[in-house]
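Some notes on the structure that comes next.
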Amino acid sequence: MRILLTLLLLSLGATALAQTTELQKVGEAHLKVLFWPIYDSRLFTADGSYQPGQSPLRLEIQYLRNIESKDLVERTAAEWQAQQLSHPKQQQWLDTLSQIWPDVAENDVITLELRENQHSHFYVNNTWVGSIEDPAFGQQFLDIWLSPQTTRPAIRQQLLGQS
């Protein structure tokens, strides 16, 4: 019974991702640090443009190297700190990300899908891995890349289709 329930939940997650594939690409970016490629990213929205707080949307990050889950979570925390973004539930969100994000291998894709209800759903290679239903999380997570205070303004411009 438990296996059947798990398979049902996974298929519902995959179906939900497929339902939002009609989104239009806003922009895409490539992050390289020194000589090392880190990831390619793509942002999609309903109308192909982005405004803070908007949903539904999808952010895809295709990793170009192996990265451990703990490093992804630590980088998320560091980016929030660099932008001076804080929230009372921030540590709880990081703990959840630690549980749902796996280590990534070269060419793995982590996708954030922000639904109209502001719930955030994560997929790895199109398979649902977990959700954060706190409406405040999605925008704060997206701000890592899309806020004017981002530590990577060139990535922001590319994701917003401005370059």
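If you're wondering about the labels, chains in the structure tokens are A, B, ... by order shown, residues count from 1 in each chain, ligands from 1 in order shown.
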**Message:** According to DSSP computed on the backbone, where in stretch 52-162 of chain A is there strand (DSSP E)? Give the residues as a ChimeraX atom specification.
**Reply:** /A:57-63,109-114,120-124,127-132
**Message:** Show me, as a VMD selection string, the residues that have an atom within 10 Å of A:Ile61 when counting only C-alpha atoms, minus same-chain residues fewer than 6 positions from it.
**Reply:** chain A and resid 28 to 30 38 to 43 107 to 112 124
**Request:** Excluding A:Arg156 and any residue of its chain fewer than 6 positions from it, enumerate the residues within 12 Å of it, using only C-alpha atoms, and give them as a list in words.
**Result:**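 The filter keeps Val26, Gly27, Glu28, Ala29, His30, Leu31, Ser41, Arg42, Leu43, Tyr50, Leu142, Asp143, Ile144, Trp145, Leu146, Ser147, Pro148, Gln149, Thr150, Gln162 and Ser163 of chain A.
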DSSP alpha helix (DSSP H) residues within stretch 41-102 of chain A, as a PDB file with N, CA and C atoms, in the first residue's frame:
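As a result, out13.pdb now contains:
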```pdb
ATOM      1  N   SER A  69      24.544  18.174  -2.185  1.00  0.00           N
ATOM      2  CA  SER A  69      23.346  18.841  -1.679  1.00  0.00           C
ATOM      3  C   SER A  69      23.677  19.876  -0.608  1.00  0.00           C
ATOM      4  N   LYS A  70      24.551  19.510   0.325  1.00  0.00           N
ATOM      5  CA  LYS A  70      24.886  20.437   1.414  1.00  0.00           C
ATOM      6  C   LYS A  70      25.514  21.713   0.864  1.00  0.00           C
ATOM      7  N   ASP A  71      26.261  21.614  -0.222  1.00  0.00           N
ATOM      8  CA  ASP A  71      26.860  22.804  -0.825  1.00  0.00           C
ATOM      9  C   ASP A  71      25.798  23.687  -1.485  1.00  0.00           C
ATOM     10  N   LEU A  72      24.787  23.066  -2.097  1.00  0.00           N
ATOM     11  CA  LEU A  72      23.689  23.841  -2.683  1.00  0.00           C
ATOM     12  C   LEU A  72      22.930  24.608  -1.590  1.00  0.00           C
ATOM     13  N   VAL A  73      22.672  23.941  -0.476  1.00  0.00           N
ATOM     14  CA  VAL A  73      21.941  24.573   0.613  1.00  0.00           C
ATOM     15  C   VAL A  73      22.786  25.685   1.244  1.00  0.00           C
ATOM     16  N   GLU A  74      24.072  25.428   1.445  1.00  0.00           N
ATOM     17  CA  GLU A  74      24.954  26.455   1.997  1.00  0.00           C
ATOM     18  C   GLU A  74      25.038  27.670   1.078  1.00  0.00           C
ATOM     19  N   ARG A  75      25.057  27.443  -0.233  1.00  0.00           N
ATOM     20  CA  ARG A  75      25.114  28.549  -1.199  1.00  0.00           C
ATOM     21  C   ARG A  75      23.818  29.358  -1.143  1.00  0.00           C
ATOM     22  N   THR A  76      22.687  28.673  -0.983  1.00  0.00           N
ATOM     23  CA  THR A  76      21.409  29.364  -0.845  1.00  0.00           C
ATOM     24  C   THR A  76      21.446  30.291   0.362  1.00  0.00           C
ATOM     25  N   ALA A  77      21.909  29.779   1.502  1.00  0.00           N
ATOM     26  CA  ALA A  77      22.000  30.591   2.720  1.00  0.00           C
ATOM     27  C   ALA A  77      22.957  31.764   2.523  1.00  0.00           C
ATOM     28  N   ALA A  78      24.081  31.518   1.876  1.00  0.00           N
ATOM     29  CA  ALA A  78      25.070  32.580   1.650  1.00  0.00           C
ATOM     30  C   ALA A  78      24.510  33.679   0.749  1.00  0.00           C
ATOM     31  N   GLU A  79      23.742  33.303  -0.247  1.00  0.00           N
ATOM     32  CA  GLU A  79      23.146  34.300  -1.146  1.00  0.00           C
ATOM     33  C   GLU A  79      22.107  35.139  -0.409  1.00  0.00           C
ATOM     34  N   TRP A  80      21.292  34.494   0.418  1.00  0.00           N
ATOM     35  CA  TRP A  80      20.329  35.252   1.219  1.00  0.00           C
ATOM     36  C   TRP A  80      21.045  36.230   2.139  1.00  0.00           C
ATOM     37  N   GLN A  81      22.123  35.766   2.754  1.00  0.00           N
ATOM     38  CA  GLN A  81      22.874  36.623   3.659  1.00  0.00           C
ATOM     39  C   GLN A  81      23.500  37.788   2.891  1.00  0.00           C
ATOM     40  N   ALA A  82      24.072  37.533   1.731  1.00  0.00           N
ATOM     41  CA  ALA A  82      24.703  38.587   0.934  1.00  0.00           C
ATOM     42  C   ALA A  82      23.697  39.657   0.516  1.00  0.00           C
ATOM     43  N   GLN A  90      13.477  31.077   7.699  1.00  0.00           N
ATOM     44  CA  GLN A  90      14.572  30.797   6.777  1.00  0.00           C
ATOM     45  C   GLN A  90      15.327  29.513   7.123  1.00  0.00           C
ATOM     46  N   GLN A  91      15.646  29.293   8.381  1.00  0.00           N
ATOM     47  CA  GLN A  91      16.362  28.073   8.755  1.00  0.00           C
ATOM     48  C   GLN A  91      15.506  26.835   8.508  1.00  0.00           C
ATOM     49  N   GLN A  92      14.219  26.940   8.767  1.00  0.00           N
ATOM     50  CA  GLN A  92      13.308  25.822   8.483  1.00  0.00           C
ATOM     51  C   GLN A  92      13.311  25.510   6.984  1.00  0.00           C
ATOM     52  N   TRP A  93      13.304  26.540   6.141  1.00  0.00           N
ATOM     53  CA  TRP A  93      13.352  26.325   4.692  1.00  0.00           C
ATOM     54  C   TRP A  93      14.648  25.628   4.292  1.00  0.00           C
ATOM     55  N   LEU A  94      15.758  26.079   4.858  1.00  0.00           N
ATOM     56  CA  LEU A  94      17.051  25.461   4.535  1.00  0.00           C
ATOM     57  C   LEU A  94      17.078  23.997   4.970  1.00  0.00           C
ATOM     58  N   ASP A  95      16.500  23.713   6.135  1.00  0.00           N
ATOM     59  CA  ASP A  95      16.426  22.321   6.600  1.00  0.00           C
ATOM     60  C   ASP A  95      15.601  21.471   5.631  1.00  0.00           C
ATOM     61  N   THR A  96      14.500  22.030   5.144  1.00  0.00           N
ATOM     62  CA  THR A  96      13.669  21.298   4.180  1.00  0.00           C
ATOM     63  C   THR A  96      14.435  21.060   2.887  1.00  0.00           C
ATOM     64  N   LEU A  97      15.128  22.079   2.398  1.00  0.00           N
ATOM     65  CA  LEU A  97      15.919  21.918   1.175  1.00  0.00           C
ATOM     66  C   LEU A  97      16.976  20.839   1.355  1.00  0.00           C
ATOM     67  N   SER A  98      17.581  20.779   2.545  1.00  0.00           N
ATOM     68  CA  SER A  98      18.583  19.738   2.833  1.00  0.00           C
ATOM     69  C   SER A  98      17.992  18.342   2.706  1.00  0.00           C
ATOM     70  N   GLN A  99      16.719  18.224   3.033  1.00  0.00           N
ATOM     71  CA  GLN A  99      16.060  16.915   2.978  1.00  0.00           C
ATOM     72  C   GLN A  99      15.613  16.555   1.566  1.00  0.00           C
ATOM     73  N   ILE A 100      15.233  17.550   0.764  1.00  0.00           N
ATOM     74  CA  ILE A 100      14.644  17.203  -0.540  1.00  0.00           C
ATOM     75  C   ILE A 100      15.628  17.275  -1.705  1.00  0.00           C
TER      76      ILE A 100
END
```
**Asked** What does the distance between atom CA of A:Arg152 and atom CA of A:Phe137 come to in Å, to one decimal place?
**Response**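 It comes out at 20.0 Å.
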**Item:** Straight-line distance linking atom CA of A:Ile67 with atom CA of A:Pro153, stated in Å to one decimal
**Value:**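 Between atom CA of A:Ile67 and atom CA of A:Pro153 the gap works out to 22.7 Å.
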**Prompt:** Which residues come within 9 Å of A:Lys25, counting only C-alpha atoms, excluding same-chain residues fewer than 4 positions away, as an MDAnalysis selection string?
**Reply:** chainID A and resid 42:49 161
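Of the listed residues A:Leu64, A:Leu114, A:Ala105, A:Ala136, the one whose atoms come nearest to A:Lys89 is A:Ala136, with distances taken using only C-alpha atoms.
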**Request:** Find the residues near A:Gln54: any atom within 9 Å, counting only C-alpha atoms, skip ones fewer than 2 places away on the same chain, and give them as a count of residues only.
**Result:** 10
